[in-house]
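Asks: Got a structure for you, questions after.
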Amino acid sequence: MKHLEQQLRALRSSGRKALVPYFVAGLTPDWIQHVEAAVLAGADAVEIGVPFSDPMIDGVVIQEGVLRSLEAGTTLDSVCKDLSSLSTHVPLVAMTYYNIFFHYGLERAAGKIAASGLSGAIVPDLTIEESSDWRVACDAHDLANVFIVAPSSTPDRVALLAPASEGFCYASARMAVTGRAADEGDAKRVVGEVRAISDVPVYVGIGIGTPEQAREASMVSDGVIVGTALVQLILDGGDVHAIEDFIGSFRRAIDIAPVSA
Amino acid sequence: MKHLEQQLRALRSSGRKALVPYFVAGLTPDWIQHVEAAVLAGADAVEIGVPFSDPMIDGVVIQEGVLRSLEAGTTLDSVCKDLSSLSTHVPLVAMTYYNIFFHYGLERAAGKIAASGLSGAIVPDLTIEESSDWRVACDAHDLANVFIVAPSSTPDRVALLAPASEGFCYASARMAVTGRAADEGDAKRVVGEVRAISDVPVYVGIGIGTPEQAREASMVSDGVIVGTALVQLILDGGDVHAIEDFIGSFRRAIDIAPVSA
Amino acid sequence: MSESSFMSSPDARGHFGEFGGRFVPEALMPACLELESAFRDAWADAAFQHEYRTVLKEFGGRPTPVTPLPRLSERLGLELYAKREDLAHTGSHKINNVVGQTLLTKRMGKTRVIAETGAGQHGVATATAAARFGLECTVYMGEVDTKRQVLNVFRMELLGATVVPVTSGSRTLKDAVNEAMREWVSCVNDTHYCLGSVMGPHPFPWMVRELQSIIGIEASAQLHDMGVGTPDLVVACVGGGSNAAGVFAGFANTSARLVGVEAAGGSAVGMGSPGVLHGMKSLLIQDEFGQIEEAHSISAGLDYPGIGPEHAFLATSGRAEYQAIGDDEVLGALKVLSELEGIIPALETAHAVAWIMKEAGGAIPKGSKVLLNLSGRGDKDVAQVREILRAEG
Amino acid sequence: MSESSFMSSPDARGHFGEFGGRFVPEALMPACLELESAFRDAWADAAFQHEYRTVLKEFGGRPTPVTPLPRLSERLGLELYAKREDLAHTGSHKINNVVGQTLLTKRMGKTRVIAETGAGQHGVATATAAARFGLECTVYMGEVDTKRQVLNVFRMELLGATVVPVTSGSRTLKDAVNEAMREWVSCVNDTHYCLGSVMGPHPFPWMVRELQSIIGIEASAQLHDMGVGTPDLVVACVGGGSNAAGVFAGFANTSARLVGVEAAGGSAVGMGSPGVLHGMKSLLIQDEFGQIEEAHSISAGLDYPGIGPEHAFLATSGRAEYQAIGDDEVLGALKVLSELEGIIPALETAHAVAWIMKEAGGAIPKGSKVLLNLSGRGDKDVAQVREILRAEG
Ligand SMILES: Cc1ncc(COP(=O)(O)O)c(C=O)c1O
Ligand SMILES: Cc1ncc(COP(=O)(O)O)c(C=O)c1O
């Protein structure tokens with residue numbers, strides 16, 4: 001079992017719901033401080049988004065963040081360099097599109113990010129069918145490769161993905177790209193399907209924009225991922241304090257959730 | 001033999017070359033005075049152009065004249081009415097496109113123009129093949145129907161046209177629409193071809209724009225038709241005096257021509 | 001002409017009943033006669049026929065298909081088929097005619113063609129065939145039209161043709177024909193006048209109909225192959241009348257009703273009277289004095305004050321009917337065919353569609369099998385249609 | 001895949017050698033799998049094949065002819081033939097693909113299609129087929145392109161489609177694909193994504209090639225019927241690569257040399273490296289960090305930074321060559337084909353013509369029999385070409 005998964009299982013055992021904010025790496029010069037602020041305010045793990053020119057599964061807000069970061073010159077190397085100044089106890093998980101790693105060289109990329117303190121990776125356009133080379137590289141560097149299960153995933157696909165997902169399993173709450181959403185989505189059903197097959201922690205993402213939504217999602221899962229709303233805050237100029245407040249409000253919301261659903 | 005032809009044969013016998021100016025009827029309110037001025041200055045016959053919307057064989061100058069006349073409201077009836085105020089000893093020949101007569105009714109049109117003092121007609125788009133109805137109407141009213149022979153007319157066509165042409169035969173000097181031209185054209189050849197077959201008077205038209213050209217054409221024929229240059233003069237505002245001068249210069253030029261070529 | 005065999009040859013002087021014939025300056029008569037005999041000769045020559053058909057097949061895209069129109073059929077309660085001249089090279093039936101005439105030009109030893117054009121379709125087609133056969137090409141186009149149809153002017157130029165703006169008269173199609181005729185007089189030795197419809201002096205109306213009859217001949221065979229048999233009705237739009245003549249030719253001696261649809265503002269059958277223009281006797285829109293009037297239509301290709309003489313004959317003899325459709329009915333028909341069948345028709349063609357839509361269940365009994373001649377594609381018209389729809393809001 | 005049989009099926013996961021595959025969000029995987037099995041099933045079903053071919057024949061205008069190009073042949077010292085996809089309905093080969101995919105959409109019980117488009121050709125084709133089969137249609141088009149191609153937007157709207165301007169990224173084709181993929185995620189239940197070229201996740205590259213292979217299959221038979229036999233060379237322009245794949249498919253297992261011509265500013269084979277984009281592994285133009293670069297070409301249809309994965313395989317395996325032609329060489333080729341052969345090609349197609357003109361007597365030995373895939377007509381481009389030539393004076 002990868003180190004990331006050990007940590008996240010331990011977190012679950014502690015009864016605490018995981019709060020996992022997503023940051024676009026390099027979006028602002030002080031993005032590392034943003035990450036630190038989030039951790040301070042109660043994040044249990046952090047997704048580090050490495051920007052890619054063609055973010056196919058991201059909505060307009062994250063697209064905008066990615067574009068700004070790229071314009072600022074962000075690269076996989078620069079992200080890793082920035083991360084060397086980050087000291088934190090919470091696990092960090094890379095989130096990027098496959099071409100970034102593929103172009104860098106899979107083995108080299110896995111080594112690089114592991115050396116920069118990342119212990120997992122989410123590659124949303126890497127299907128399990130195409131993932132073997134990447135997983136070999138991950139294994140070599142104790143990187144957990146996280147798979148996403150979607151509302152559309154058929155039982156046979158859930159049966160493939162859930163056991164293969166390391167660290168946690170990403171349950172997509174809805175058939176949509178990243179962004180805000182009004183409804184609750186299919187989180188409960190998707191999480192249930194994963195849990196029926198695997199006891200890997202299951203976190204809900206896609207469309208978790210308010211503390212209230214986070215609270216509800218956490219009630220049916222082991223944690224929540226908050227992306228778009230946070231990126232929007234930063235795009236709007238939110239500073240470390242604003243980020244602390246934001247993450248704090250999510251923390252509080254999920255902490256008052258009943259222990260399990 | 002139609003009256004017109006008797007007159008024109010007599011003219012030829014007298015040794016005089018015919019000078020036949022062309023007027024766009026109705027082009028100016030005083031167009032009848034223009035005709036009278038031309039006769040005064042030595043015209044032997046006059047072509048009265050009845051305007052038609054689509055003057056297919058006319059160049060830009062006559063087109064312009066026709067258009068202005070039509071805008072002024074000229075019709076076959078108005079032309080005939082105007083002509084009732086014209087008293088002249090020279091023959092008048094209508095020149096218009098077939099649709100004007102056809103639409104008016106052939107028999108009715110022939111009667112009308114004959115009653116208005118015209119004794120011949122040139123219908124440039126009426127081929128001999130299509131002419132029988134019109135010629136019946138002409139015969140009923142002693143109207144001479146003039147045919148045109150072109151440089152492209154084949155011997156068998158000349159053999160058809162020359163004998164059928166009444167009053168005179170119109171020898172087209174060139175393969176062109178009405179207008180000015182620099183060269184002499186094919187007048188001599190065309191006239192020769194007609195003369196080989198018929199002893200009807202042969203007049204040359206198309207591109208006779210200067211006294212000099214008229215003189216040369218008259219040397220190989222029995223007369224000349226002057227259209228575009230005269231219409232241009234009138235379009236440019238030429239008055240009766242200018243017309244007299246113009247026709248006078250043509251008259252003098254052809255009168256000094258040797259008696260025959 | 002025997003009344004029992006419609007659309008056979010006209011008489012020796014090119015008459016269809018009282019219409020047709022030759023009304024041209026004597027200067028052009030020899031060329032008309034030469035052309036007639038050259039065409040008569042070529043058309044009877046299997047080698048020419050073979051070349052004409054081969055070029056139309058390999059270069060022109062023939063046979064064009066017959067397309068069932070299931071969704072419009074359902075809406076109208078008819079059984080509709082479209083003969084797809086829009087798929088022919090250059091986008092309309094015009095190519096059939098110009099391929100024939102340019103081949104004939106070469107056969108006559110001439111090296112140049114001239115043509116008139118209104119919207120530019122016939123001009124583009126002529127420039128196309130001239131390019132293909134290495135002939136020089138000059139196209140006369142009313143100055144007004146050159147401004148309205150800038151892109152078609154450019155297409156002709158790309159194809160190597162010279163486009164001459166005609167500034168006489170109304171500066172539109174009628175004047176372009178006059179000007180082409182004038183020009184032809186001065187270059188008739190080496191130049192063929194490639195007339196664009198079943199009009200003008202004999203042999204043009206007959207020759208162009210023969211060259212277009214491939215439409216009807218194909219369609220008739222295709223409908224039989226498709227198990228449809230003889231349609232109850234054959235409908236085509238009519239400007240000069242070449243696409244209509246072409247499709248009618250395949251059905252003239254069947255039981256099919258033939259309907260030509262004119263633009264209301266250029267309806268020579270509906271509003272016209274017998275007259276002589278552009279070398280032919282036919283039905284023309286003219287005033288009480290015999291002056292030819294301008295036609296007005298939303299579609300440049302129907303903007304002609306006359307109609308081919310054979311149509312005048314078919315109309316007066318009762319073999320075909322001619323109906324008129326106003327500008328306001330045309331856009332709706334264009335939209336319906338686009339949305340239901342995925343075919344954006346030319347504005348000209350949309351007149352025929354509009355009439356079918358209007359008369360379905362009325363003058364066209366429910367369940368009728370109808371063949372629409374889809375004479376051209378609407379690409380040339382979309383800018384204009386867009387402007388109109390925007391102006392209407 | 002056996003190297004001796006090129007252009008057969010990819011492996012079970014859609015790989016052509018090291019390229020292809022599926023790189024999509026998990027949310028789309030079930031749809032890709034469903035589509036693959038639906039297509040596999042349909043393609044093996046004689047009834048589907050019959051319907052597909054019947055629609056392409058009756059509605060799409062197939063077979064398109066093979067046209068000899070005698071005058072250009074003479075000028076270049078080659079024996080040139082053109083497969084005339086410009087004569088297919090909507091003016092390019094795009095219709096072959098969309099007819100297949102819309103029929104499949106209906107077969108899958110879906111009621112709506114979405115598509116990306118660059119210049120608008122694939123968008124118009126999709127809107128056309130959607131209209132024909134009564135499907136709802138939404139087309140994603142970069143905002144920059146909607147402004148450049150106002151008339152194509154209007155054509156799609158006339159055909160009943162909704163055009164959505166895409167404002168992300170470079171606001172051009174690449175971003176339209178991203179956006180269509182995003183959109184597909186949220187409507188995958190009732191909506192098929194009708195991709196426009198041999199790109200994207202399996203089964204698209206294979207399916208679109210199969211749907212386009214009718215080009216090559218027809219052309220091969222036609223050349224044999226014409227007595228030409230197997231050409232020495234088959235040339236096609238390459239954007240995503242669908243027309244090239246379609247024509248190559250008819251000759252992959254013959255001795256013919258296969259050449260794809262890319263725009264120099266979008267030359268994925270010449271300037272690209274392996275990468276993953278839009279659901280596929282292929283050759284892509286990307287910077288040193290793996291960020292995809294924008295392609296630049298005078299022709300919107302070649303303005304794509306990638307190439308279909310099968311082409312990447314054909315290139316690396318040596319079965320086909322890929323050449324690049326710069327914008328400056330394209331207009332001359334367009335003019336030459338127009339003037340000599342009476343065919344105004346699309347700017348995309350003109351790249352292939354330009355390469356042939358450039359290499360005649362060089363990389364193409366004198367006397368070679370060359371088949372040019374004339375992928376589309378230039379009508380859509382004449383306004384642009386006119387502007388460029390005017391600007392150049
Ligand atoms: C598509 C189309 N249909 C019809 C016509 C009308 O001509 P005709 O009546 O000769 O077929 C035109 C003329 O330009 C045309 O372009
Ligand atoms: C005429 C034409 N040719 C070629 C292309 C390029 O596409 P592909 O490479 O998929 O054939 C396009 C794309 O729009 C096109 O319109």
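Chain labels A, B, ... are given in the sequence in which chains occur in the structure tokens; within each chain residues are numbered consecutively from 1, and ligands are likewise numbered from 1 in the order shown.
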Write down, as a ChimeraX atom specification, each residue of chain A that has any atom within 7 Å of an atom of chain D, counting only C-alpha atoms.
Replies: /A:52-54,56-57,75,98-100,102-103,124-127,148-154,175-177
Asks: Using the selection just defined, write its residues with C-alpha atoms as a PDB file, in the first residue's frame.
Replies:
```pdb
ATOM      1  CA  PHE A  52      -1.989  22.213 -19.237  1.00  0.00           C
ATOM      2  CA  SER A  53      -2.930  24.187 -22.318  1.00  0.00           C
ATOM      3  CA  ASP A  54      -5.994  22.077 -23.069  1.00  0.00           C
ATOM      4  CA  MET A  56     -10.526  19.221 -21.356  1.00  0.00           C
ATOM      5  CA  ILE A  57     -12.374  18.341 -18.182  1.00  0.00           C
ATOM      6  CA  THR A  75       6.003  24.465 -15.982  1.00  0.00           C
ATOM      7  CA  TYR A  98      -1.494  13.080 -19.195  1.00  0.00           C
ATOM      8  CA  ASN A  99       0.484  14.929 -21.843  1.00  0.00           C
ATOM      9  CA  ILE A 100       2.402  16.846 -19.186  1.00  0.00           C
ATOM     10  CA  PHE A 102       4.025  11.811 -21.078  1.00  0.00           C
ATOM     11  CA  HIS A 103       5.988  14.585 -22.671  1.00  0.00           C
ATOM     12  CA  PRO A 124      -8.205  12.801 -15.441  1.00  0.00           C
ATOM     13  CA  ASP A 125      -7.666  11.955 -19.098  1.00  0.00           C
ATOM     14  CA  LEU A 126      -5.667   8.825 -18.389  1.00  0.00           C
ATOM     15  CA  THR A 127      -8.024   5.898 -18.685  1.00  0.00           C
ATOM     16  CA  ILE A 148     -11.931   8.821 -11.025  1.00  0.00           C
ATOM     17  CA  VAL A 149     -15.239   6.999 -11.033  1.00  0.00           C
ATOM     18  CA  ALA A 150     -18.027   8.785 -12.864  1.00  0.00           C
ATOM     19  CA  PRO A 151     -21.789   8.582 -12.590  1.00  0.00           C
ATOM     20  CA  SER A 152     -21.726   6.993 -16.025  1.00  0.00           C
ATOM     21  CA  SER A 153     -19.236   4.291 -15.043  1.00  0.00           C
ATOM     22  CA  THR A 154     -20.810   0.920 -15.549  1.00  0.00           C
ATOM     23  CA  MET A 175     -21.699  14.299 -15.354  1.00  0.00           C
ATOM     24  CA  ALA A 176     -20.066  17.659 -15.801  1.00  0.00           C
ATOM     25  CA  VAL A 177     -16.717  19.327 -15.947  1.00  0.00           C
TER      26      VAL A 177
END
```
Asks: Could you list, as a PyMOL selection string, every residue within 8 Å of Ile225 (chain B), counting only C-alpha atoms and ignoring same-chain residues fewer than 4 positions away?
Replies: chain B and resi 19-22+203-206+208
Asks: Could you save those same residues with C-alpha atoms as a PDB file, in the first residue's frame?
Replies:
```pdb
ATOM      1  CA  LEU B  19     -26.938  61.580 -97.783  1.00  0.00           C
ATOM      2  CA  VAL B  20     -29.214  59.961 -95.149  1.00  0.00           C
ATOM      3  CA  PRO B  21     -28.981  61.219 -91.603  1.00  0.00           C
ATOM      4  CA  TYR B  22     -30.473  59.256 -88.705  1.00  0.00           C
ATOM      5  CA  TYR B 203     -26.257  52.893 -99.163  1.00  0.00           C
ATOM      6  CA  VAL B 204     -23.454  52.401 -96.706  1.00  0.00           C
ATOM      7  CA  GLY B 205     -23.950  52.741 -92.985  1.00  0.00           C
ATOM      8  CA  ILE B 206     -22.382  51.789 -89.645  1.00  0.00           C
ATOM      9  CA  ILE B 208     -19.628  56.729 -90.968  1.00  0.00           C
TER      10      ILE B 208
END
```
Asks: Find the residues near Arg9 (chain B): any atom within 12 Å, counting only C-alpha atoms, skip ones fewer than 6 places away on the same chain, and give them as a ChimeraX atom specification.
Replies: /B:1-3,15-18,44,166-169,199-203,222-223
Asks: So that I have them on file, write out the residues from the current selection with all heavy atoms, as a short mmCIF file (atom, residue, chain, number, x, y, z; two decimals), in the first residue's frame.
Replies:
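And here is the file that came out, again11.cif:
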```
data_model
loop_
_atom_site.label_atom_id
_atom_site.label_comp_id
_atom_site.auth_asym_id
_atom_site.auth_seq_id
_atom_site.Cartn_x
_atom_site.Cartn_y
_atom_site.Cartn_z
N MET B 1 -42.89 48.59 -108.06
CA MET B 1 -41.81 49.23 -107.30
C MET B 1 -42.39 50.29 -106.36
O MET B 1 -43.22 51.09 -106.76
CB MET B 1 -40.81 49.88 -108.27
CG MET B 1 -39.57 50.41 -107.57
SD MET B 1 -38.37 51.08 -108.76
CE MET B 1 -37.80 49.61 -109.59
N LYS B 2 -41.95 50.23 -105.12
CA LYS B 2 -42.50 51.16 -104.14
C LYS B 2 -42.08 52.58 -104.46
O LYS B 2 -41.02 52.81 -105.07
CB LYS B 2 -42.00 50.78 -102.74
CG LYS B 2 -42.32 49.35 -102.31
CD LYS B 2 -43.59 49.25 -101.47
CE LYS B 2 -44.10 47.83 -101.32
NZ LYS B 2 -43.42 47.03 -100.31
N HIS B 3 -42.87 53.48 -104.02
CA HIS B 3 -42.61 54.89 -104.30
C HIS B 3 -41.21 55.32 -103.84
O HIS B 3 -40.49 56.03 -104.54
CB HIS B 3 -43.68 55.74 -103.62
CG HIS B 3 -43.55 57.21 -103.90
ND1 HIS B 3 -43.60 57.74 -105.19
CD2 HIS B 3 -43.34 58.28 -103.08
CE1 HIS B 3 -43.44 59.03 -105.12
NE2 HIS B 3 -43.27 59.39 -103.86
N GLY B 15 -27.21 61.41 -110.56
CA GLY B 15 -25.78 61.49 -110.31
C GLY B 15 -25.43 61.95 -108.90
O GLY B 15 -24.27 62.09 -108.55
N ARG B 16 -26.44 62.17 -108.12
CA ARG B 16 -26.20 62.66 -106.76
C ARG B 16 -26.13 61.49 -105.78
O ARG B 16 -26.96 60.57 -105.83
CB ARG B 16 -27.35 63.59 -106.40
CG ARG B 16 -27.30 64.15 -104.98
CD ARG B 16 -28.33 65.27 -104.85
NE ARG B 16 -28.65 65.56 -103.48
CZ ARG B 16 -28.42 66.75 -102.90
NH1 ARG B 16 -27.85 67.72 -103.60
NH2 ARG B 16 -28.77 66.96 -101.64
N LYS B 17 -25.12 61.53 -104.91
CA LYS B 17 -24.99 60.52 -103.86
C LYS B 17 -25.95 60.88 -102.73
O LYS B 17 -26.03 62.05 -102.34
CB LYS B 17 -23.56 60.50 -103.31
CG LYS B 17 -22.50 60.16 -104.33
CD LYS B 17 -22.57 58.70 -104.76
CE LYS B 17 -21.48 58.41 -105.78
NZ LYS B 17 -21.44 56.98 -106.17
N ALA B 18 -26.64 59.87 -102.25
CA ALA B 18 -27.63 60.15 -101.19
C ALA B 18 -26.95 60.33 -99.83
O ALA B 18 -26.06 59.56 -99.45
CB ALA B 18 -28.63 58.99 -101.11
N ASP B 44 -30.83 63.84 -98.29
CA ASP B 44 -31.68 63.38 -99.38
C ASP B 44 -32.84 62.52 -98.88
O ASP B 44 -33.80 62.26 -99.60
CB ASP B 44 -30.86 62.58 -100.38
CG ASP B 44 -29.75 63.44 -100.97
OD1 ASP B 44 -30.07 64.46 -101.61
OD2 ASP B 44 -28.56 63.12 -100.73
N GLU B 166 -36.13 46.82 -100.51
CA GLU B 166 -36.88 47.82 -101.27
C GLU B 166 -36.42 49.22 -100.88
O GLU B 166 -36.05 49.47 -99.73
CB GLU B 166 -38.37 47.68 -100.99
CG GLU B 166 -38.93 46.31 -101.35
CD GLU B 166 -40.34 46.12 -100.82
OE1 GLU B 166 -40.67 46.61 -99.72
OE2 GLU B 166 -41.12 45.45 -101.52
N GLY B 167 -36.51 50.14 -101.83
CA GLY B 167 -36.08 51.51 -101.57
C GLY B 167 -34.58 51.61 -101.75
O GLY B 167 -34.07 52.21 -102.69
N PHE B 168 -33.90 51.03 -100.87
CA PHE B 168 -32.45 50.87 -101.05
C PHE B 168 -32.04 49.63 -100.28
O PHE B 168 -32.86 49.02 -99.58
CB PHE B 168 -31.67 52.12 -100.57
CG PHE B 168 -31.77 52.44 -99.12
CD1 PHE B 168 -30.80 51.96 -98.21
CD2 PHE B 168 -32.81 53.23 -98.62
CE1 PHE B 168 -30.89 52.29 -96.87
CE2 PHE B 168 -32.90 53.55 -97.28
CZ PHE B 168 -31.93 53.08 -96.39
N CYS B 169 -30.80 49.26 -100.42
CA CYS B 169 -30.25 48.15 -99.63
C CYS B 169 -29.20 48.75 -98.72
O CYS B 169 -28.38 49.57 -99.13
CB CYS B 169 -29.65 47.09 -100.55
SG CYS B 169 -29.01 45.67 -99.65
N ASP B 199 -29.94 45.80 -108.80
CA ASP B 199 -29.59 47.19 -109.12
C ASP B 199 -30.32 48.18 -108.22
O ASP B 199 -30.44 49.36 -108.52
CB ASP B 199 -29.78 47.50 -110.60
CG ASP B 199 -31.24 47.56 -110.99
OD1 ASP B 199 -32.08 47.06 -110.17
OD2 ASP B 199 -31.55 48.08 -112.06
N VAL B 200 -30.82 47.67 -107.07
CA VAL B 200 -31.39 48.57 -106.07
C VAL B 200 -30.27 49.51 -105.60
O VAL B 200 -29.11 49.11 -105.54
CB VAL B 200 -31.98 47.73 -104.91
CG1 VAL B 200 -30.88 47.13 -104.04
CG2 VAL B 200 -32.95 48.54 -104.05
N PRO B 201 -30.59 50.74 -105.27
CA PRO B 201 -29.55 51.62 -104.73
C PRO B 201 -28.95 51.00 -103.46
O PRO B 201 -29.68 50.37 -102.68
CB PRO B 201 -30.29 52.92 -104.43
CG PRO B 201 -31.48 52.91 -105.34
CD PRO B 201 -31.87 51.47 -105.48
N VAL B 202 -27.69 51.19 -103.26
CA VAL B 202 -27.02 50.63 -102.09
C VAL B 202 -26.40 51.76 -101.29
O VAL B 202 -25.57 52.52 -101.80
CB VAL B 202 -25.90 49.64 -102.48
CG1 VAL B 202 -25.47 48.85 -101.25
CG2 VAL B 202 -26.35 48.72 -103.58
N TYR B 203 -26.81 51.86 -100.05
CA TYR B 203 -26.26 52.89 -99.16
C TYR B 203 -25.40 52.23 -98.10
O TYR B 203 -25.73 51.15 -97.60
CB TYR B 203 -27.38 53.68 -98.49
CG TYR B 203 -28.29 54.46 -99.42
CD1 TYR B 203 -29.40 55.13 -98.92
CD2 TYR B 203 -28.04 54.54 -100.80
CE1 TYR B 203 -30.24 55.85 -99.75
CE2 TYR B 203 -28.88 55.26 -101.65
CZ TYR B 203 -29.99 55.90 -101.13
OH TYR B 203 -30.82 56.60 -101.95
N ASP B 222 -24.06 54.18 -103.43
CA ASP B 222 -25.00 55.20 -103.91
C ASP B 222 -25.37 56.21 -102.84
O ASP B 222 -26.14 57.14 -103.10
CB ASP B 222 -26.27 54.51 -104.42
CG ASP B 222 -25.95 53.50 -105.53
OD1 ASP B 222 -25.14 53.83 -106.41
OD2 ASP B 222 -26.48 52.37 -105.46
N GLY B 223 -24.89 55.99 -101.65
CA GLY B 223 -25.23 56.94 -100.61
C GLY B 223 -24.71 56.49 -99.25
O GLY B 223 -24.19 55.37 -99.12
#
```
Asks: Show me which residues are within 9 Å of ligand 1 counting only C-alpha atoms and all ligand atoms, and format the list as a PyMOL selection string.
Replies: chain C and resi 85-86+91-94+117-123+196-199+236-246+262+299-304+307-308+345-350+374-378+380
Asks: Set the distance at 9 Å and use only C-alpha atoms: which residues neighbour Glu244 (chain A) once local chain neighbours fewer than 2 positions away are removed? I'd like the list as a PyMOL selection string.
Replies: chain A and resi 34+37-42+239-242+246-249
Asks: Kindly export the residues of the current selection with C-alpha atoms, as a PDB file, in the first residue's frame.
Replies:
```pdb
ATOM      1  CA  HIS A  34      -2.021  29.959  -0.432  1.00  0.00           C
ATOM      2  CA  ALA A  37      -2.963  28.982   4.422  1.00  0.00           C
ATOM      3  CA  ALA A  38      -5.312  26.213   3.368  1.00  0.00           C
ATOM      4  CA  VAL A  39      -3.441  23.683   5.418  1.00  0.00           C
ATOM      5  CA  LEU A  40      -3.483  26.033   8.365  1.00  0.00           C
ATOM      6  CA  ALA A  41      -7.229  26.376   7.998  1.00  0.00           C
ATOM      7  CA  GLY A  42      -7.795  22.645   8.045  1.00  0.00           C
ATOM      8  CA  ASP A 239      -5.395  36.673  -0.283  1.00  0.00           C
ATOM      9  CA  VAL A 240      -4.157  34.212   2.323  1.00  0.00           C
ATOM     10  CA  HIS A 241      -6.692  35.473   4.817  1.00  0.00           C
ATOM     11  CA  ALA A 242      -9.538  35.024   2.471  1.00  0.00           C
ATOM     12  CA  PHE A 246     -12.836  30.016   2.925  1.00  0.00           C
ATOM     13  CA  ILE A 247     -11.199  26.744   3.912  1.00  0.00           C
ATOM     14  CA  GLY A 248     -12.198  27.322   7.518  1.00  0.00           C
ATOM     15  CA  SER A 249     -15.832  27.582   6.573  1.00  0.00           C
TER      16      SER A 249
END
```
Asks: Just want the 7 Å neighbourhood of Val66 (chain B), counted on only C-alpha atoms, with same-chain residues fewer than 4 positions away dropped. Output as a list of chain:residue names.
Replies: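 Once the nearby chain positions are removed, what remains is B:Val24, B:Pro51, B:Phe52, B:Ile62, B:Leu70.
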Asks: Go ahead and write the residues just picked, N, CA and C atoms, as a PDB file, in the first residue's frame.
Replies:
```pdb
ATOM      1  N   VAL B  24     -32.829  60.213 -83.671  1.00  0.00           N
ATOM      2  CA  VAL B  24     -33.640  59.536 -82.665  1.00  0.00           C
ATOM      3  C   VAL B  24     -34.875  60.396 -82.456  1.00  0.00           C
ATOM      4  N   PRO B  51     -37.679  54.977 -80.807  1.00  0.00           N
ATOM      5  CA  PRO B  51     -36.893  54.349 -79.745  1.00  0.00           C
ATOM      6  C   PRO B  51     -37.501  53.057 -79.198  1.00  0.00           C
ATOM      7  N   PHE B  52     -36.613  52.108 -78.886  1.00  0.00           N
ATOM      8  CA  PHE B  52     -36.984  50.821 -78.286  1.00  0.00           C
ATOM      9  C   PHE B  52     -36.072  50.588 -77.082  1.00  0.00           C
ATOM     10  N   ILE B  62     -26.104  55.952 -79.497  1.00  0.00           N
ATOM     11  CA  ILE B  62     -27.515  55.868 -79.866  1.00  0.00           C
ATOM     12  C   ILE B  62     -28.333  55.297 -78.707  1.00  0.00           C
ATOM     13  N   LEU B  70     -36.949  57.862 -74.630  1.00  0.00           N
ATOM     14  CA  LEU B  70     -37.967  57.068 -73.934  1.00  0.00           C
ATOM     15  C   LEU B  70     -38.353  57.719 -72.621  1.00  0.00           C
TER      16      LEU B  70
END
```
Asks: Need to verify the contact set: region 143-145 of chain A, 12 Å, only C-alpha atoms, exclusion of same-chain residues closer than 3 positions in sequence. Can you return it as an MDAnalysis selection string?
Replies: chainID A and resid 1:8 91:96 107 109:124 126:128 131:140 148 161:170 200
Asks: Please check the contacts: residues of chain D at most 7 Å away from chain C, using only C-alpha atoms, listed as a list in words.
Replies: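 The complete set of qualifying residues is Lys57, Glu58, Phe59, Gly61, Thr64, Pro65, Val66, Thr67, Leu87, Ala88, His89, Thr128, Ala129, Ala131, Arg132, Leu151, Leu158, Leu159, Gly160, Lys335, Ser338, Glu339, Leu340, Glu341, Gly342, Ile343, Val382 and Ala383 of chain D.
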Asks: Based on the backbone DSSP call, show me all residues of region 343-384 of chain C assigned alpha helix (DSSP H), as a list in words.
Replies: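 Going through region 343-384 of chain C, the alpha helix (DSSP H) residues come out as Leu347, Glu348, Thr349, Ala350, His351, Ala352, Val353, Ala354, Trp355, Ile356, Met357, Lys358, Glu359, Val382, Ala383 and Gln384 of chain C.
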Asks: How many Å lie between CA of Arg12 (chain B) and CA of Ala217 (chain B), rounded to one decimal?
Replies: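 Between these atoms lies a distance of 14.9 Å.
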